[in-house]
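Enquirer: Data: final-v1.txt, compact mmCIF, C-alpha atoms.
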# COMPACT_ATOMS: atom_id res chain seq x y z
CA MET A 1 12.92 8.21 -8.81
CA PRO A 2 10.93 10.11 -6.16
CA GLU A 3 9.88 7.84 -3.34
CA LEU A 4 9.15 7.85 0.35
CA ARG A 5 10.54 5.32 2.83
CA HIS A 6 9.08 3.95 6.06
CA ALA A 7 10.97 1.61 8.41
CA ASP A 8 9.78 -0.84 11.09
CA THR A 9 10.81 -4.07 12.80
CA VAL A 10 8.73 -7.26 13.12
CA ARG A 11 7.50 -7.55 16.71
CA PRO A 12 6.69 -10.77 18.60
CA GLU A 13 2.95 -10.04 18.66
CA TRP A 14 2.96 -9.90 14.84
CA ILE A 15 4.03 -13.55 14.48
CA ASP A 16 1.44 -16.18 13.50
CA TYR A 17 1.05 -19.87 14.33
CA ASN A 18 3.56 -20.74 11.57
CA GLY A 19 6.27 -18.57 13.10
CA HIS A 20 6.12 -15.86 10.43
CA LEU A 21 4.68 -12.37 10.03
CA SER A 22 0.88 -12.71 10.12
CA GLU A 23 -1.17 -11.44 7.18
CA PRO A 24 -2.80 -8.41 8.85
CA TYR A 25 0.56 -7.01 9.92
CA TYR A 26 1.80 -6.66 6.36
CA VAL A 27 -1.23 -4.42 5.81
CA LEU A 28 -0.55 -2.58 9.10
CA VAL A 29 2.99 -1.77 7.99
CA PHE A 30 1.73 -0.66 4.57
CA GLY A 31 -0.90 1.49 6.34
CA ASN A 32 1.83 3.14 8.40
CA ALA A 33 3.69 3.86 5.16
CA THR A 34 0.55 5.50 3.77
CA THR A 35 0.31 7.58 6.94
CA ALA A 36 3.94 8.66 6.44
CA LEU A 37 3.04 9.75 2.90
CA MET A 38 0.08 11.72 4.25
CA GLU A 39 2.36 13.47 6.76
CA ARG A 40 4.94 14.32 4.09
CA THR A 41 2.38 15.70 1.64
CA GLY A 42 0.47 17.92 4.07
CA MET A 43 -2.39 15.59 5.01
CA GLY A 44 -1.23 14.82 8.55
CA ALA A 45 -3.09 15.16 11.84
CA ALA A 46 -3.20 18.98 11.80
CA TYR A 47 -4.68 18.93 8.28
CA ARG A 48 -7.30 16.36 9.28
CA ASP A 49 -8.21 18.34 12.40
CA ALA A 50 -8.47 21.63 10.49
CA THR A 51 -10.33 20.36 7.41
CA GLY A 52 -12.02 17.10 8.38
CA SER A 53 -10.49 15.68 5.19
CA SER A 54 -8.29 12.64 4.71
CA LEU A 55 -7.45 9.78 2.39
CA TYR A 56 -9.82 6.83 2.25
CA THR A 57 -8.69 3.54 0.71
CA VAL A 58 -11.30 2.16 -1.68
CA GLU A 59 -9.28 -0.68 -3.20
CA ALA A 60 -6.14 -2.60 -2.27
CA HIS A 61 -4.20 -5.47 -3.78
CA VAL A 62 -1.52 -7.16 -1.67
CA ARG A 63 0.98 -9.71 -2.97
CA TYR A 64 2.69 -11.83 -0.31
CA LEU A 65 5.99 -12.86 -1.88
CA ARG A 66 8.17 -14.13 0.96
CA GLU A 67 7.81 -15.23 4.56
CA VAL A 68 9.06 -12.70 7.10
CA ALA A 69 10.58 -13.73 10.43
CA LEU A 70 10.52 -12.24 13.92
CA GLY A 71 12.91 -9.32 14.25
CA ALA A 72 13.19 -8.70 10.51
CA GLU A 73 14.08 -5.13 9.59
CA LEU A 74 11.34 -3.78 7.33
CA GLN A 75 11.66 -1.02 4.77
CA VAL A 76 8.67 0.19 2.73
CA ARG A 77 9.25 2.22 -0.41
CA THR A 78 6.20 4.21 -1.50
CA ARG A 79 5.62 5.63 -4.97
CA VAL A 80 2.83 7.79 -6.30
CA LEU A 81 1.83 6.05 -9.52
CA ALA A 82 -0.83 8.58 -10.52
CA ARG A 83 -3.40 11.01 -9.25
CA ASP A 84 -6.24 13.10 -10.53
CA ALA A 85 -8.24 15.82 -8.78
CA LYS A 86 -9.65 13.47 -6.10
CA ARG A 87 -7.99 10.04 -6.51
CA LEU A 88 -4.53 8.75 -5.65
CA ARG A 89 -2.92 5.51 -6.83
CA LEU A 90 -0.06 4.32 -4.59
CA TRP A 91 2.48 1.50 -4.80
CA HIS A 92 4.23 0.11 -1.71
CA GLU A 93 7.13 -2.36 -1.78
CA LEU A 94 8.05 -4.06 1.50
CA ASP A 95 11.61 -5.30 1.93
CA ALA A 96 12.44 -7.57 4.86
CA ASP A 97 16.14 -7.73 5.67
CA GLY A 98 16.88 -6.36 2.20
CA ARG A 99 14.69 -8.78 0.18
CA LEU A 100 11.36 -7.96 -1.45
CA ALA A 101 8.67 -9.62 0.69
CA ALA A 102 5.37 -8.02 -0.38
CA THR A 103 3.77 -5.30 -2.48
CA GLU A 104 0.56 -3.36 -2.10
CA GLU A 105 -1.25 -1.22 -4.64
CA LEU A 106 -3.88 1.21 -3.38
CA MET A 107 -6.57 3.37 -4.86
CA CYS A 108 -7.41 6.17 -2.42
CA LEU A 109 -9.95 8.98 -2.44
CA HIS A 110 -9.54 12.38 -0.86
CA VAL A 111 -12.69 12.74 1.25
CA GLY A 112 -14.35 15.15 3.62
CA ALA A 113 -17.63 15.28 5.50
CA ASP A 114 -19.60 15.81 2.25
CA GLY A 115 -17.87 13.13 0.18
CA THR A 116 -14.97 13.26 -2.24
CA LEU A 117 -13.07 16.52 -2.58
CA PRO A 118 -10.28 17.78 -4.84
CA PHE A 119 -6.83 17.81 -3.29
CA PRO A 120 -5.79 21.30 -2.14
CA ASP A 121 -3.11 22.84 -4.39
CA GLY A 122 -0.29 22.36 -1.86
CA VAL A 123 -1.15 18.70 -1.28
CA ALA A 124 -1.49 18.10 -5.03
CA ALA A 125 1.95 19.65 -5.64
CA ALA A 126 3.52 17.54 -2.87
CA LEU A 127 1.95 14.36 -4.34
CA ASP A 128 3.12 15.31 -7.82
CA ALA A 129 6.67 15.72 -6.47
CA LEU A 130 6.57 12.02 -5.49
CA ALA A 131 5.39 10.92 -8.95
CA ASP A 132 7.72 10.34 -11.89
CA PRO A 133 5.87 10.29 -15.22
CA ASP A 134 9.04 9.14 -17.00
CA VAL A 135 9.20 5.87 -15.04
CA ASP A 136 6.88 3.00 -15.92
CA ALA A 137 4.58 1.56 -13.28
CA PRO A 138 5.87 -1.66 -11.68
CA GLU A 139 5.21 -4.82 -13.70
CA HIS A 140 2.51 -6.08 -11.33
CA ALA A 141 0.69 -2.77 -10.86
CA GLY A 142 -2.91 -3.00 -12.01
CA ARG A 143 -2.89 -6.79 -11.85
CA SER A 144 -5.88 -8.66 -10.51
CA ILE A 145 -6.19 -12.14 -9.05
CA SER A 146 -6.10 -14.79 -11.76
CA PRO A 147 -9.15 -17.01 -12.26
CA LEU A 148 -9.05 -20.64 -11.16
CA GLY A 149 -9.35 -23.65 -13.43
CA ALA A 150 -8.01 -24.63 -16.83
CA ASN A 151 -8.31 -22.01 -19.55
CA GLY A 152 -9.89 -19.59 -17.11
CA THR A 153 -12.74 -21.96 -16.24
CA VAL A 154 -13.68 -21.50 -12.62
CA VAL A 155 -14.20 -24.67 -10.65
CA PRO A 156 -17.41 -24.19 -8.63
CA ARG A 157 -17.46 -24.98 -4.97
CA PRO A 158 -19.13 -28.23 -3.98
CA PRO A 159 -22.76 -28.03 -2.87
CA THR A 160 -23.30 -27.63 0.87
How would this structure read if it were set down as structure tokens?
Expert:
Amino acid sequence: MPELRHADTVRPEWIDYNGHLSEPYYVLVFGNATTALMERTGMGAAYRDATGSSLYTVEAHVRYLREVALGAELQVRTRVLARDAKRLRLWHELDADGRLAATEELMCLHVGADGTLPFPDGVAAALDALADPDVDAPEHAGRSISPLGANGTVVPRPPT
């Protein structure tokens, strides 16, 4: 299956008060993986400088599956789940020391100074090369946060 990989290591400044990787740093590592995808598909710094265009994340869903310790070796696998003329749906899986620790699903728009723009042909072809229409999306892709309460009944917050 076509995929892109990004590696990193958990740094001391990324550790929270519980001694584990702090929430925003999962997203930082996923963001760096998205940047690696942009570089590989022709949307790197030179492209942004020349065109004023880039990807803009409009929706993200992160699942935190396992605590990650200081010094853990991180590996992010990135898949292109789908794209159309202007939108890109990505899936990141973060392994820490060889075990799945988190996932992130993104919906991104290709934007320029005047709003959304179609991907240039070369970028579209590079994105398509990372997509595999014969492989199903991951089980949790497209999932939302479940409602609280029995039978979907939301428990209201107490009055303030």
Enquirer: Which polymer residues have any atom within 6 Å of an atom of stretch 8-22 of chain A, counting only C-alpha atoms, with same-chain residues fewer than 2 positions away left out, as a list in words?
Expert: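 Contacts, in chain order: Pro24, Tyr25, Val68, Ala69, Leu70, Gly71, Ala72, Glu73 and Leu74 of chain A.
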Enquirer: Report, in Å with one decimal, the straight-line distance from atom CA of A:Ser54 to atom CA of A:Ala131.
Expert: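 It comes out at 19.4 Å.
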Enquirer: Calculated over all atoms listed in the file, which of the candidates A:Val27, A:Met38, A:Leu94, A:Leu81 has the smallest distance to A:Tyr56?
Expert: A:Met38
Enquirer: So that each row is one residue of stretch 10-38 of chain A with an atom at most 10 Å from stretch 103-114 of chain A, can you give its shortest atom pair and the distance in Å to one decimal, using all atoms listed in the file, rows by chain and rising number, as a tab-separated table?
Expert:
residue	atom	partner	partner_atom	distance
A:Tyr26	CA	A:Thr103	CA	9.2
A:Val27	CA	A:Glu104	CA	8.2
A:Phe30	CA	A:Glu104	CA	7.3
A:Gly31	CA	A:Glu104	CA	9.8
A:Thr34	CA	A:Leu106	CA	9.4
Enquirer: Select, from A:Ala36, A:Val76, A:Ala82, A:Ala125, the residue with the minimum atom-to-atom distance to A:Asp97, counting all atoms listed in the file.
Expert: A:Val76
Enquirer: Could you tell me how far atom CA of A:Leu4 lies from atom CA of A:Asn32, in Å and to one decimal?
Expert: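 Here the two named atoms are 11.9 Å from each other.
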Enquirer: Could you check how far atom CA of A:Glu59 sits from atom CA of A:Gly98, in Å to one decimal?
Expert: 27.3 Å
Enquirer: Can you work out which one of A:Ala137, A:Ala126, A:Leu117, A:Leu88 has the shortest atom-to-atom distance to A:Gly42, counting all atoms listed in the file?
Expert: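 Once distances to A:Gly42 are computed over all atoms listed in the file, the minimum belongs to A:Ala126.
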Enquirer: Using the file's own x, y and z axes, what box holds all listed atoms of stretch 40-43 of chain A with 8 Å on each side, keeping edges along x, y and z, and what are its centre and edge lengths in Å to one decimal, as AutoDock Vina command-line options?
Expert:
--center_x 1.3 --center_y 16.1 --center_z 3.3 --size_x 23.3 --size_y 19.6 --size_z 19.4
Enquirer: List as a compact mmCIF listing (two decimals) with C-alpha atoms, in the coordinates of the input the protein and nucleic acid residues near A:Asp121, meaning an atom at most 12 Å away when only C-alpha atoms are counted, but skip any in the same chain fewer than 2 places from it.
Expert:
# COMPACT_ATOMS: atom_id res chain seq x y z
CA THR A 41 2.38 15.70 1.64
CA GLY A 42 0.47 17.92 4.07
CA MET A 43 -2.39 15.59 5.01
CA ASP A 84 -6.24 13.10 -10.53
CA ALA A 85 -8.24 15.82 -8.78
CA LYS A 86 -9.65 13.47 -6.10
CA LEU A 117 -13.07 16.52 -2.58
CA PRO A 118 -10.28 17.78 -4.84
CA PHE A 119 -6.83 17.81 -3.29
CA VAL A 123 -1.15 18.70 -1.28
CA ALA A 124 -1.49 18.10 -5.03
CA ALA A 125 1.95 19.65 -5.64
CA ALA A 126 3.52 17.54 -2.87
CA LEU A 127 1.95 14.36 -4.34
CA ASP A 128 3.12 15.31 -7.82
Enquirer: Determine the nearest neighbour of A:Val80 from the options A:Leu28, A:Glu23, A:Glu3, A:Ala96, counting all atoms listed in the file.
Expert: A:Glu3
Enquirer: Take stretch 99-110 of chain A, bring it up to all heavy atoms, and give me the output as a PDB file, in the frame of the given file.
Expert:
ATOM      1  N   ARG A  99      15.288  -7.977   1.263  1.00  0.00           N
ATOM      2  CA  ARG A  99      14.690  -8.780   0.180  1.00  0.00           C
ATOM      3  C   ARG A  99      13.216  -8.418   0.033  1.00  0.00           C
ATOM      4  O   ARG A  99      12.511  -8.293   1.025  1.00  0.00           O
ATOM      5  CB  ARG A  99      14.834 -10.259   0.475  1.00  0.00           C
ATOM      6  CG  ARG A  99      16.311 -10.695   0.545  1.00  0.00           C
ATOM      7  CD  ARG A  99      16.464 -12.147   0.862  1.00  0.00           C
ATOM      8  NE  ARG A  99      15.970 -12.937  -0.265  1.00  0.00           N
ATOM      9  CZ  ARG A  99      15.652 -14.217  -0.173  1.00  0.00           C
ATOM     10  NH1 ARG A  99      15.762 -14.856   0.968  1.00  0.00           N
ATOM     11  NH2 ARG A  99      15.211 -14.876  -1.216  1.00  0.00           N
ATOM     12  N   LEU A 100      12.755  -8.297  -1.206  1.00  0.00           N
ATOM     13  CA  LEU A 100      11.360  -7.960  -1.450  1.00  0.00           C
ATOM     14  C   LEU A 100      10.459  -9.051  -0.879  1.00  0.00           C
ATOM     15  O   LEU A 100      10.590 -10.221  -1.220  1.00  0.00           O
ATOM     16  CB  LEU A 100      11.102  -7.802  -2.957  1.00  0.00           C
ATOM     17  CG  LEU A 100       9.696  -7.352  -3.345  1.00  0.00           C
ATOM     18  CD1 LEU A 100       9.381  -5.964  -2.778  1.00  0.00           C
ATOM     19  CD2 LEU A 100       9.549  -7.337  -4.860  1.00  0.00           C
ATOM     20  N   ALA A 101       9.539  -8.658   0.011  1.00  0.00           N
ATOM     21  CA  ALA A 101       8.670  -9.620   0.690  1.00  0.00           C
ATOM     22  C   ALA A 101       7.206  -9.453   0.331  1.00  0.00           C
ATOM     23  O   ALA A 101       6.438 -10.409   0.425  1.00  0.00           O
ATOM     24  CB  ALA A 101       8.837  -9.495   2.206  1.00  0.00           C
ATOM     25  N   ALA A 102       6.790  -8.251  -0.071  1.00  0.00           N
ATOM     26  CA  ALA A 102       5.370  -8.020  -0.380  1.00  0.00           C
ATOM     27  C   ALA A 102       5.238  -6.699  -1.132  1.00  0.00           C
ATOM     28  O   ALA A 102       6.106  -5.822  -1.049  1.00  0.00           O
ATOM     29  CB  ALA A 102       4.545  -7.976   0.896  1.00  0.00           C
ATOM     30  N   THR A 103       4.134  -6.581  -1.859  1.00  0.00           N
ATOM     31  CA  THR A 103       3.770  -5.300  -2.480  1.00  0.00           C
ATOM     32  C   THR A 103       2.310  -5.021  -2.185  1.00  0.00           C
ATOM     33  O   THR A 103       1.526  -5.932  -1.905  1.00  0.00           O
ATOM     34  CB  THR A 103       3.976  -5.317  -4.020  1.00  0.00           C
ATOM     35  OG1 THR A 103       3.075  -6.253  -4.609  1.00  0.00           O
ATOM     36  CG2 THR A 103       5.413  -5.648  -4.391  1.00  0.00           C
ATOM     37  N   GLU A 104       1.964  -3.752  -2.236  1.00  0.00           N
ATOM     38  CA  GLU A 104       0.560  -3.360  -2.100  1.00  0.00           C
ATOM     39  C   GLU A 104       0.308  -2.193  -3.048  1.00  0.00           C
ATOM     40  O   GLU A 104       1.084  -1.238  -3.096  1.00  0.00           O
ATOM     41  CB  GLU A 104       0.243  -2.927  -0.670  1.00  0.00           C
ATOM     42  CG  GLU A 104      -1.228  -2.533  -0.504  1.00  0.00           C
ATOM     43  CD  GLU A 104      -1.564  -2.039   0.894  1.00  0.00           C
ATOM     44  OE1 GLU A 104      -0.892  -1.100   1.373  1.00  0.00           O
ATOM     45  OE2 GLU A 104      -2.502  -2.589   1.486  1.00  0.00           O
ATOM     46  N   GLU A 105      -0.788  -2.310  -3.786  1.00  0.00           N
ATOM     47  CA  GLU A 105      -1.250  -1.220  -4.640  1.00  0.00           C
ATOM     48  C   GLU A 105      -2.560  -0.718  -4.063  1.00  0.00           C
ATOM     49  O   GLU A 105      -3.432  -1.504  -3.700  1.00  0.00           O
ATOM     50  CB  GLU A 105      -1.450  -1.709  -6.073  1.00  0.00           C
ATOM     51  CG  GLU A 105      -1.836  -0.605  -7.027  1.00  0.00           C
ATOM     52  CD  GLU A 105      -1.936  -1.088  -8.473  1.00  0.00           C
ATOM     53  OE1 GLU A 105      -1.851  -2.304  -8.723  1.00  0.00           O
ATOM     54  OE2 GLU A 105      -2.114  -0.223  -9.341  1.00  0.00           O
ATOM     55  N   LEU A 106      -2.690   0.596  -3.965  1.00  0.00           N
ATOM     56  CA  LEU A 106      -3.880   1.210  -3.380  1.00  0.00           C
ATOM     57  C   LEU A 106      -4.512   2.211  -4.322  1.00  0.00           C
ATOM     58  O   LEU A 106      -3.809   2.937  -5.027  1.00  0.00           O
ATOM     59  CB  LEU A 106      -3.519   1.980  -2.100  1.00  0.00           C
ATOM     60  CG  LEU A 106      -2.956   1.225  -0.924  1.00  0.00           C
ATOM     61  CD1 LEU A 106      -2.516   2.195   0.159  1.00  0.00           C
ATOM     62  CD2 LEU A 106      -3.970   0.248  -0.387  1.00  0.00           C
ATOM     63  N   MET A 107      -5.836   2.268  -4.269  1.00  0.00           N
ATOM     64  CA  MET A 107      -6.570   3.370  -4.860  1.00  0.00           C
ATOM     65  C   MET A 107      -7.226   4.093  -3.685  1.00  0.00           C
ATOM     66  O   MET A 107      -7.991   3.488  -2.924  1.00  0.00           O
ATOM     67  CB  MET A 107      -7.644   2.902  -5.844  1.00  0.00           C
ATOM     68  CG  MET A 107      -8.454   4.039  -6.456  1.00  0.00           C
ATOM     69  SD  MET A 107      -7.462   5.240  -7.392  1.00  0.00           S
ATOM     70  CE  MET A 107      -7.042   4.255  -8.812  1.00  0.00           C
ATOM     71  N   CYS A 108      -6.903   5.359  -3.534  1.00  0.00           N
ATOM     72  CA  CYS A 108      -7.410   6.170  -2.420  1.00  0.00           C
ATOM     73  C   CYS A 108      -8.208   7.342  -2.953  1.00  0.00           C
ATOM     74  O   CYS A 108      -7.944   7.846  -4.044  1.00  0.00           O
ATOM     75  CB  CYS A 108      -6.254   6.702  -1.577  1.00  0.00           C
ATOM     76  SG  CYS A 108      -5.142   5.450  -0.938  1.00  0.00           S
ATOM     77  N   LEU A 109      -9.169   7.769  -2.150  1.00  0.00           N
ATOM     78  CA  LEU A 109      -9.950   8.980  -2.440  1.00  0.00           C
ATOM     79  C   LEU A 109      -9.654  10.023  -1.385  1.00  0.00           C
ATOM     80  O   LEU A 109      -9.498   9.697  -0.206  1.00  0.00           O
ATOM     81  CB  LEU A 109     -11.448   8.681  -2.424  1.00  0.00           C
ATOM     82  CG  LEU A 109     -12.010   7.756  -3.473  1.00  0.00           C
ATOM     83  CD1 LEU A 109     -13.506   7.525  -3.228  1.00  0.00           C
ATOM     84  CD2 LEU A 109     -11.783   8.312  -4.860  1.00  0.00           C
ATOM     85  N   HIS A 110      -9.625  11.275  -1.809  1.00  0.00           N
ATOM     86  CA  HIS A 110      -9.540  12.380  -0.860  1.00  0.00           C
ATOM     87  C   HIS A 110     -10.981  12.730  -0.477  1.00  0.00           C
ATOM     88  O   HIS A 110     -11.793  13.064  -1.340  1.00  0.00           O
ATOM     89  CB  HIS A 110      -8.842  13.577  -1.514  1.00  0.00           C
ATOM     90  CG  HIS A 110      -8.658  14.724  -0.586  1.00  0.00           C
ATOM     91  ND1 HIS A 110      -9.323  15.910  -0.729  1.00  0.00           N
ATOM     92  CD2 HIS A 110      -7.881  14.852   0.514  1.00  0.00           C
ATOM     93  CE1 HIS A 110      -8.964  16.729   0.237  1.00  0.00           C
ATOM     94  NE2 HIS A 110      -8.092  16.115   1.007  1.00  0.00           N
TER      95      HIS A 110
END
